[in-house]
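To be precise, the following lines are query.pdb, and they hold PDB, C-alpha atoms.
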```
ATOM      1  CA  MET A   1       8.368 -32.865 -12.452
ATOM      2  CA  SER A   2       6.533 -29.629 -13.088
ATOM      3  CA  LYS A   3       3.742 -29.545 -15.624
ATOM      4  CA  ILE A   4       0.789 -27.522 -16.754
ATOM      5  CA  ILE A   5      -2.414 -29.042 -18.092
ATOM      6  CA  LEU A   6      -4.618 -26.899 -20.331
ATOM      7  CA  TYR A   7      -8.289 -27.813 -20.766
ATOM      8  CA  GLU A   8     -10.543 -26.699 -23.604
ATOM      9  CA  LYS A   9     -13.511 -26.108 -21.283
ATOM     10  CA  PRO A  10     -14.001 -24.449 -17.874
ATOM     11  CA  GLU A  11     -13.693 -26.554 -14.715
ATOM     12  CA  PHE A  12     -11.141 -28.990 -16.204
ATOM     13  CA  LEU A  13     -13.436 -30.488 -18.833
ATOM     14  CA  GLY A  14     -12.961 -31.352 -22.487
ATOM     15  CA  GLN A  15      -9.789 -32.035 -24.409
ATOM     16  CA  GLU A  16      -6.570 -31.510 -22.458
ATOM     17  CA  LYS A  17      -2.936 -30.898 -23.343
ATOM     18  CA  VAL A  18      -0.029 -31.475 -20.962
ATOM     19  CA  PHE A  19       3.194 -29.462 -21.173
ATOM     20  CA  VAL A  20       6.452 -29.936 -19.251
ATOM     21  CA  LYS A  21       8.605 -27.310 -20.988
ATOM     22  CA  ASP A  22       8.286 -23.845 -22.499
ATOM     23  CA  VAL A  23       5.969 -23.464 -25.492
ATOM     24  CA  PRO A  24       6.628 -20.286 -27.524
ATOM     25  CA  ASP A  25       3.631 -20.867 -29.818
ATOM     26  CA  LEU A  26       0.666 -23.055 -28.862
ATOM     27  CA  ALA A  27      -0.475 -23.059 -32.512
ATOM     28  CA  VAL A  28       2.213 -25.676 -33.131
ATOM     29  CA  GLU A  29       0.399 -27.843 -30.573
ATOM     30  CA  ASN A  30      -3.026 -27.058 -32.065
ATOM     31  CA  PHE A  31      -4.077 -25.435 -28.793
ATOM     32  CA  THR A  32      -3.673 -21.694 -29.319
ATOM     33  CA  ASN A  33      -6.520 -19.546 -27.930
ATOM     34  CA  THR A  34      -8.274 -22.708 -26.731
ATOM     35  CA  ALA A  35      -7.597 -23.082 -22.986
ATOM     36  CA  ARG A  36     -10.436 -22.258 -20.601
ATOM     37  CA  SER A  37      -9.053 -23.854 -17.405
ATOM     38  CA  ILE A  38      -5.630 -24.922 -16.079
ATOM     39  CA  ARG A  39      -3.996 -27.242 -13.555
ATOM     40  CA  VAL A  40      -0.417 -26.622 -12.423
ATOM     41  CA  ILE A  41       1.730 -29.237 -10.737
ATOM     42  CA  GLY A  42       5.120 -28.290  -9.317
ATOM     43  CA  ARG A  43       6.616 -24.920 -10.214
ATOM     44  CA  HIS A  44       4.871 -21.755 -11.436
ATOM     45  CA  TRP A  45       4.023 -21.167 -15.096
ATOM     46  CA  VAL A  46       3.498 -17.916 -17.002
ATOM     47  CA  ALA A  47       0.714 -17.953 -19.610
ATOM     48  CA  TYR A  48       0.885 -15.207 -22.262
ATOM     49  CA  ALA A  49      -1.765 -13.951 -24.671
ATOM     50  CA  GLY A  50       0.885 -13.446 -27.360
ATOM     51  CA  THR A  51       3.298 -15.855 -28.948
ATOM     52  CA  ASN A  52       6.964 -15.916 -27.951
ATOM     53  CA  TYR A  53       6.148 -14.827 -24.383
ATOM     54  CA  HIS A  54       4.670 -11.421 -25.236
ATOM     55  CA  GLY A  55       1.499  -9.580 -24.367
ATOM     56  CA  PRO A  56      -0.764  -9.761 -21.350
ATOM     57  CA  PHE A  57       0.088 -12.577 -18.956
ATOM     58  CA  ASN A  58      -0.876 -14.345 -15.763
ATOM     59  CA  VAL A  59       1.349 -16.348 -13.458
ATOM     60  CA  PHE A  60      -0.160 -19.597 -12.198
ATOM     61  CA  GLY A  61       1.187 -21.332  -9.110
ATOM     62  CA  PRO A  62       0.451 -24.931  -8.142
ATOM     63  CA  GLY A  63      -3.253 -25.738  -8.083
ATOM     64  CA  GLY A  64      -6.329 -25.715 -10.237
ATOM     65  CA  PHE A  65      -7.861 -22.739 -11.996
ATOM     66  CA  GLY A  66     -11.361 -23.611 -13.212
ATOM     67  CA  ASN A  67     -11.734 -20.434 -15.248
ATOM     68  CA  LEU A  68      -9.162 -18.082 -16.717
ATOM     69  CA  ASP A  69     -10.995 -14.743 -16.651
ATOM     70  CA  ASP A  70      -9.017 -12.329 -18.868
ATOM     71  CA  LEU A  71      -6.996 -15.148 -20.495
ATOM     72  CA  ASP A  72     -10.026 -17.301 -21.337
ATOM     73  CA  ARG A  73      -9.381 -18.642 -24.866
ATOM     74  CA  ALA A  74      -6.450 -16.235 -25.170
ATOM     75  CA  ILE A  75      -3.305 -18.191 -24.199
ATOM     76  CA  SER A  76      -0.767 -18.402 -27.024
ATOM     77  CA  SER A  77       2.500 -19.262 -25.221
ATOM     78  CA  LEU A  78       3.695 -20.789 -21.925
ATOM     79  CA  ARG A  79       6.872 -20.399 -19.888
ATOM     80  CA  LEU A  80       7.922 -22.577 -16.961
ATOM     81  CA  VAL A  81       9.378 -20.561 -14.075
ATOM     82  CA  LYS A  82      12.702 -22.310 -13.433
ATOM     83  CA  GLU A  83      14.212 -19.585 -11.257
ATOM     84  CA  ASN A  84      14.812 -19.915  -7.531
ATOM     85  CA  LEU A  85      12.196 -17.694  -5.890
ATOM     86  CA  LEU A  86      13.996 -17.445  -2.544
ATOM     87  CA  ASN A  87      15.883 -14.254  -1.703
ATOM     88  CA  PRO A  88      14.612 -12.171  -4.647
ATOM     89  CA  GLU A  89      16.565  -9.087  -5.684
ATOM     90  CA  ILE A  90      16.129  -6.536  -8.442
ATOM     91  CA  VAL A  91      18.312  -3.464  -8.888
ATOM     92  CA  LEU A  92      16.490  -0.415 -10.269
ATOM     93  CA  TYR A  93      18.412   2.408 -11.937
ATOM     94  CA  GLN A  94      17.415   6.019 -12.394
ATOM     95  CA  ASN A  95      18.902   6.386 -15.869
ATOM     96  CA  VAL A  96      19.151   4.264 -19.001
ATOM     97  CA  ASP A  97      22.163   1.968 -19.280
ATOM     98  CA  TYR A  98      22.175   1.463 -15.495
ATOM     99  CA  GLY A  99      23.256   5.024 -14.724
ATOM    100  CA  GLY A 100      22.383   7.476 -11.971
ATOM    101  CA  MET A 101      21.049   6.491  -8.580
ATOM    102  CA  SER A 102      20.196   2.855  -7.969
ATOM    103  CA  ARG A 103      18.120   0.925  -5.447
ATOM    104  CA  SER A 104      18.321  -2.751  -4.617
ATOM    105  CA  ILE A 105      14.817  -4.076  -3.886
ATOM    106  CA  LEU A 106      14.523  -7.326  -1.918
ATOM    107  CA  LYS A 107      10.760  -7.683  -1.464
ATOM    108  CA  THR A 108       7.430  -6.676  -2.920
ATOM    109  CA  THR A 109       7.126  -2.904  -2.743
ATOM    110  CA  ASP A 110       3.710  -1.443  -3.463
ATOM    111  CA  ASN A 111       4.928   2.153  -3.501
ATOM    112  CA  LEU A 112       8.416   2.925  -4.794
ATOM    113  CA  SER A 113       8.156   6.465  -3.462
ATOM    114  CA  SER A 114       8.856   4.955  -0.025
ATOM    115  CA  ALA A 115      12.258   4.053  -1.476
ATOM    116  CA  GLY A 116      12.520   7.514  -3.057
ATOM    117  CA  PHE A 117      12.178   5.966  -6.516
ATOM    118  CA  ASP A 118       8.566   6.370  -7.727
ATOM    119  CA  ASN A 119       8.402   7.201 -11.438
ATOM    120  CA  LEU A 120      12.187   7.535 -11.706
ATOM    121  CA  VAL A 121      13.288   4.154 -13.061
ATOM    122  CA  SER A 122      14.804   3.840 -16.551
ATOM    123  CA  SER A 123      16.610   0.452 -16.386
ATOM    124  CA  HIS A 124      17.014  -2.631 -14.195
ATOM    125  CA  LYS A 125      18.925  -5.866 -13.551
ATOM    126  CA  VAL A 126      17.348  -8.941 -11.932
ATOM    127  CA  LYS A 127      19.850 -10.549  -9.570
ATOM    128  CA  GLN A 128      17.546 -13.254  -8.153
ATOM    129  CA  GLY A 129      13.984 -14.450  -8.672
ATOM    130  CA  VAL A 130      11.142 -13.312 -10.892
ATOM    131  CA  TRP A 131       9.618  -9.849 -10.638
ATOM    132  CA  ILE A 132       6.417  -8.254 -11.866
ATOM    133  CA  LEU A 133       6.724  -4.527 -12.567
ATOM    134  CA  TYR A 134       3.688  -2.230 -12.336
ATOM    135  CA  GLN A 135       3.055   1.276 -13.596
ATOM    136  CA  GLY A 136       0.533   1.934 -10.826
ATOM    137  CA  LEU A 137       0.855   2.074  -7.065
ATOM    138  CA  ASN A 138      -0.237  -0.913  -4.976
ATOM    139  CA  LEU A 139       0.600  -3.422  -7.714
ATOM    140  CA  SER A 140      -1.911  -2.001 -10.188
ATOM    141  CA  GLY A 141      -2.019  -0.890 -13.777
ATOM    142  CA  THR A 142      -0.023  -2.040 -16.770
ATOM    143  CA  ARG A 143       2.588  -4.640 -15.899
ATOM    144  CA  LEU A 144       5.628  -6.505 -17.185
ATOM    145  CA  ILE A 145       7.421  -9.624 -15.967
ATOM    146  CA  THR A 146      11.192 -10.047 -15.734
ATOM    147  CA  PHE A 147      13.311 -13.063 -14.845
ATOM    148  CA  GLN A 148      16.614 -13.745 -13.064
ATOM    149  CA  GLY A 149      19.513 -12.639 -15.245
ATOM    150  CA  ASP A 150      17.415 -10.165 -17.251
ATOM    151  CA  GLU A 151      19.049  -6.808 -17.856
ATOM    152  CA  TRP A 152      16.809  -4.136 -19.354
ATOM    153  CA  PRO A 153      19.060  -1.160 -20.177
ATOM    154  CA  ASN A 154      16.458   1.244 -21.568
ATOM    155  CA  TYR A 155      12.792   1.518 -20.571
ATOM    156  CA  CYS A 156      12.297   4.142 -23.322
ATOM    157  CA  ALA A 157      12.388   1.319 -25.872
ATOM    158  CA  PHE A 158       8.988   0.061 -24.660
ATOM    159  CA  GLY A 159       7.409   3.247 -23.316
ATOM    160  CA  TRP A 160       8.055   2.687 -19.607
ATOM    161  CA  ASN A 161      10.663   5.374 -18.878
ATOM    162  CA  ASP A 162       9.937   6.991 -15.492
ATOM    163  CA  LYS A 163       6.622   5.104 -15.117
ATOM    164  CA  LEU A 164       7.465   2.280 -12.697
ATOM    165  CA  SER A 165       5.608   2.691  -9.379
ATOM    166  CA  SER A 166       5.541  -0.747  -7.697
ATOM    167  CA  VAL A 167       7.207  -4.166  -7.936
ATOM    168  CA  GLN A 168       6.202  -7.649  -6.845
ATOM    169  CA  ALA A 169       8.538 -10.543  -6.160
ATOM    170  CA  LEU A 170       7.046 -13.853  -7.249
ATOM    171  CA  GLN A 171       6.808 -16.125  -4.218
ATOM    172  CA  ASN A 172       6.446 -19.880  -3.733
ATOM    173  CA  CYS A 173       2.715 -20.008  -3.077
ATOM    174  CA  ASP A 174      -0.489 -21.368  -4.528
ATOM    175  CA  SER A 175      -1.832 -18.420  -6.437
ATOM    176  CA  LYS A 176      -2.577 -16.637  -9.660
ATOM    177  CA  VAL A 177      -0.864 -13.318 -10.267
TER
END
```
Here is a file; write its structure as structure tokens.
Amino acid sequence: MSKIILYEKPEFLGQEKVFVKDVPDLAVENFTNTARSIRVIGRHWVAYAGTNYHGPFNVFGPGGFGNLDDLDRAISSLRLVKENLLNPEIVLYQNVDYGGMSRSILKTTDNLSSAGFDNLVSSHKVKQGVWILYQGLNLSGTRLITFQGDEWPNYCAFGWNDKLSSVQALQNCDSKV
């Protein structure tokens, strides 16, 4: 069974809360903006600064994270990554509503210009896995996360039209992304 344990102090000290399923609002659990360290057992978890899986986020793979850096005392919601991370695939489209040229991406790509698609994307569909989208080259800058089955028909709706420059497939590994 996968679980995430949040601790109120760095280095796994203080009060702890254990979660085994998604939590859209940690305030309900009396633990919003409290966590200062995390342990993950099993599958990856996404920790968000906003409620209902919005705002800045980090992905935590199996292991212990004694301090949370930019999410220290800022986690407000949690999502368990249930998707199969093998054979990832995202289809990027030049135009809104999945129009124009398209590219199927099967692995982390730190420069979409190598696929002839830097700063051209306006929509996408996730066929397999979990993907992190970046506005900057080399997996840098503002980012978003998208899950298997997601279909985002219009990047204009959230200010990302023609700004996507790199993508990262979430892998089965011990890490923080």
Could you spell out the hits of the PyMOL selection byres ((chain A and resi 48) around 7) on the shown file, as a list in words?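 What the PyMOL selection byres ((chain A and resi 48) around 7) grabs from the file is Val46, Ala47, Ala49, Gly50, Tyr53, His54, Gly55, Pro56, Phe57, Asn58, Ile75, Ser76, Ser77 and Leu78 of chain A.
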Would you mind exporting the chosen residues as an mmCIF file, in the coordinates of the input, restricted to C-alpha atoms?
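Below is the file that was written, out.cif:
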```cif
data_model
loop_
_atom_site.group_PDB
_atom_site.id
_atom_site.type_symbol
_atom_site.label_atom_id
_atom_site.label_comp_id
_atom_site.auth_asym_id
_atom_site.auth_seq_id
_atom_site.Cartn_x
_atom_site.Cartn_y
_atom_site.Cartn_z
ATOM 1 C CA VAL A 46 3.498 -17.916 -17.002
ATOM 2 C CA ALA A 47 0.714 -17.953 -19.610
ATOM 3 C CA ALA A 49 -1.765 -13.951 -24.671
ATOM 4 C CA GLY A 50 0.885 -13.446 -27.360
ATOM 5 C CA TYR A 53 6.148 -14.827 -24.383
ATOM 6 C CA HIS A 54 4.670 -11.421 -25.236
ATOM 7 C CA GLY A 55 1.499 -9.580 -24.367
ATOM 8 C CA PRO A 56 -0.764 -9.761 -21.350
ATOM 9 C CA PHE A 57 0.088 -12.577 -18.956
ATOM 10 C CA ASN A 58 -0.876 -14.345 -15.763
ATOM 11 C CA ILE A 75 -3.305 -18.191 -24.199
ATOM 12 C CA SER A 76 -0.767 -18.402 -27.024
ATOM 13 C CA SER A 77 2.500 -19.262 -25.221
ATOM 14 C CA LEU A 78 3.695 -20.789 -21.925
#
```
Neighbours of point (14.6, -14.7, -7.3) within 10 Å, using all atoms listed in the file, written as number ranges by chain: A: 82-90, 106-107, 126-131, 147-149, 169-171
Same residues, C-alpha atoms, output as a short mmCIF file (atom, residue, chain, number, x, y, z; two decimals), in the coordinates of the input:
```cif
data_model
loop_
_atom_site.label_atom_id
_atom_site.label_comp_id
_atom_site.auth_asym_id
_atom_site.auth_seq_id
_atom_site.Cartn_x
_atom_site.Cartn_y
_atom_site.Cartn_z
CA LYS A 82 12.70 -22.31 -13.43
CA GLU A 83 14.21 -19.58 -11.26
CA ASN A 84 14.81 -19.92 -7.53
CA LEU A 85 12.20 -17.69 -5.89
CA LEU A 86 14.00 -17.44 -2.54
CA ASN A 87 15.88 -14.25 -1.70
CA PRO A 88 14.61 -12.17 -4.65
CA GLU A 89 16.57 -9.09 -5.68
CA ILE A 90 16.13 -6.54 -8.44
CA LEU A 106 14.52 -7.33 -1.92
CA LYS A 107 10.76 -7.68 -1.46
CA VAL A 126 17.35 -8.94 -11.93
CA LYS A 127 19.85 -10.55 -9.57
CA GLN A 128 17.55 -13.25 -8.15
CA GLY A 129 13.98 -14.45 -8.67
CA VAL A 130 11.14 -13.31 -10.89
CA TRP A 131 9.62 -9.85 -10.64
CA PHE A 147 13.31 -13.06 -14.84
CA GLN A 148 16.61 -13.74 -13.06
CA GLY A 149 19.51 -12.64 -15.24
CA ALA A 169 8.54 -10.54 -6.16
CA LEU A 170 7.05 -13.85 -7.25
CA GLN A 171 6.81 -16.12 -4.22
#
```
Distance CA of Val40 in chain A-CA of Gly136 in chain A, one decimal place? 28.6 Å
Point-to-point distance from CA of Leu13 in chain A to CA of Gly42 in chain A, Å rounded to tenths: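 Atom-to-atom, CA of Leu13 in chain A and CA of Gly42 in chain A are spaced 21.0 Å apart.
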Give me the residues within 7 Å of Leu6 in chain A as a VMD selection string, counting all atoms listed in the file and dropping any in the same chain fewer than 4 places off. chain A and resid 16 to 18 35 37 to 39
Next, dump the selected residues to file, keeping only C-alpha atoms, as a JSON list (two decimals), keeping the file's coordinate frame.
```json
[["chain", "number", "residue", "atom", "x", "y", "z"],
["A", 16, "GLU", "CA", -6.57, -31.51, -22.46],
["A", 17, "LYS", "CA", -2.94, -30.90, -23.34],
["A", 18, "VAL", "CA", -0.03, -31.48, -20.96],
["A", 35, "ALA", "CA", -7.60, -23.08, -22.99],
["A", 37, "SER", "CA", -9.05, -23.85, -17.40],
["A", 38, "ILE", "CA", -5.63, -24.92, -16.08],
["A", 39, "ARG", "CA", -4.00, -27.24, -13.56]]
```
Got a sec to check which residues sit within 8 Å of (20.5, 0.3, -10.0), counting all atoms listed in the file, and write them as a count of residues only? 14
Excluding Leu139 in chain A and residues on its chain fewer than 6 positions from it, collect all residues at most 8 Å away from it, counting all atoms listed in the file, and give them as a short mmCIF file (atom, residue, chain, number, x, y, z; two decimals) with C-alpha atoms, in the frame of the given file.
```
data_model
loop_
_atom_site.label_atom_id
_atom_site.label_comp_id
_atom_site.auth_asym_id
_atom_site.auth_seq_id
_atom_site.Cartn_x
_atom_site.Cartn_y
_atom_site.Cartn_z
CA ASP A 110 3.71 -1.44 -3.46
CA LEU A 133 6.72 -4.53 -12.57
CA SER A 166 5.54 -0.75 -7.70
CA VAL A 167 7.21 -4.17 -7.94
CA GLN A 168 6.20 -7.65 -6.84
#
```
What does the PyMOL selection byres ((chain A and resi 112) around 9) select in this file, as a list in words? Thr109, Asp110, Asn111, Ser113, Ser114, Ala115, Gly116, Phe117, Asp118, Asn119, Leu137, Leu164, Ser165, Ser166 and Val167 of chain A
Taking the file as shown, what set of residues would the PyMOL selection byres ((chain A and resi 8) around 6) give back, as a list of chain:residue names?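 Checking the PyMOL selection byres ((chain A and resi 8) around 6) against this file, the residues are A:Tyr7, A:Lys9, A:Gly14, A:Gln15, A:Thr34, A:Ala35, A:Arg36.
Relative to CA of Gly141 in chain A, CA of Gly64 in chain A is found at 25.4 Å.
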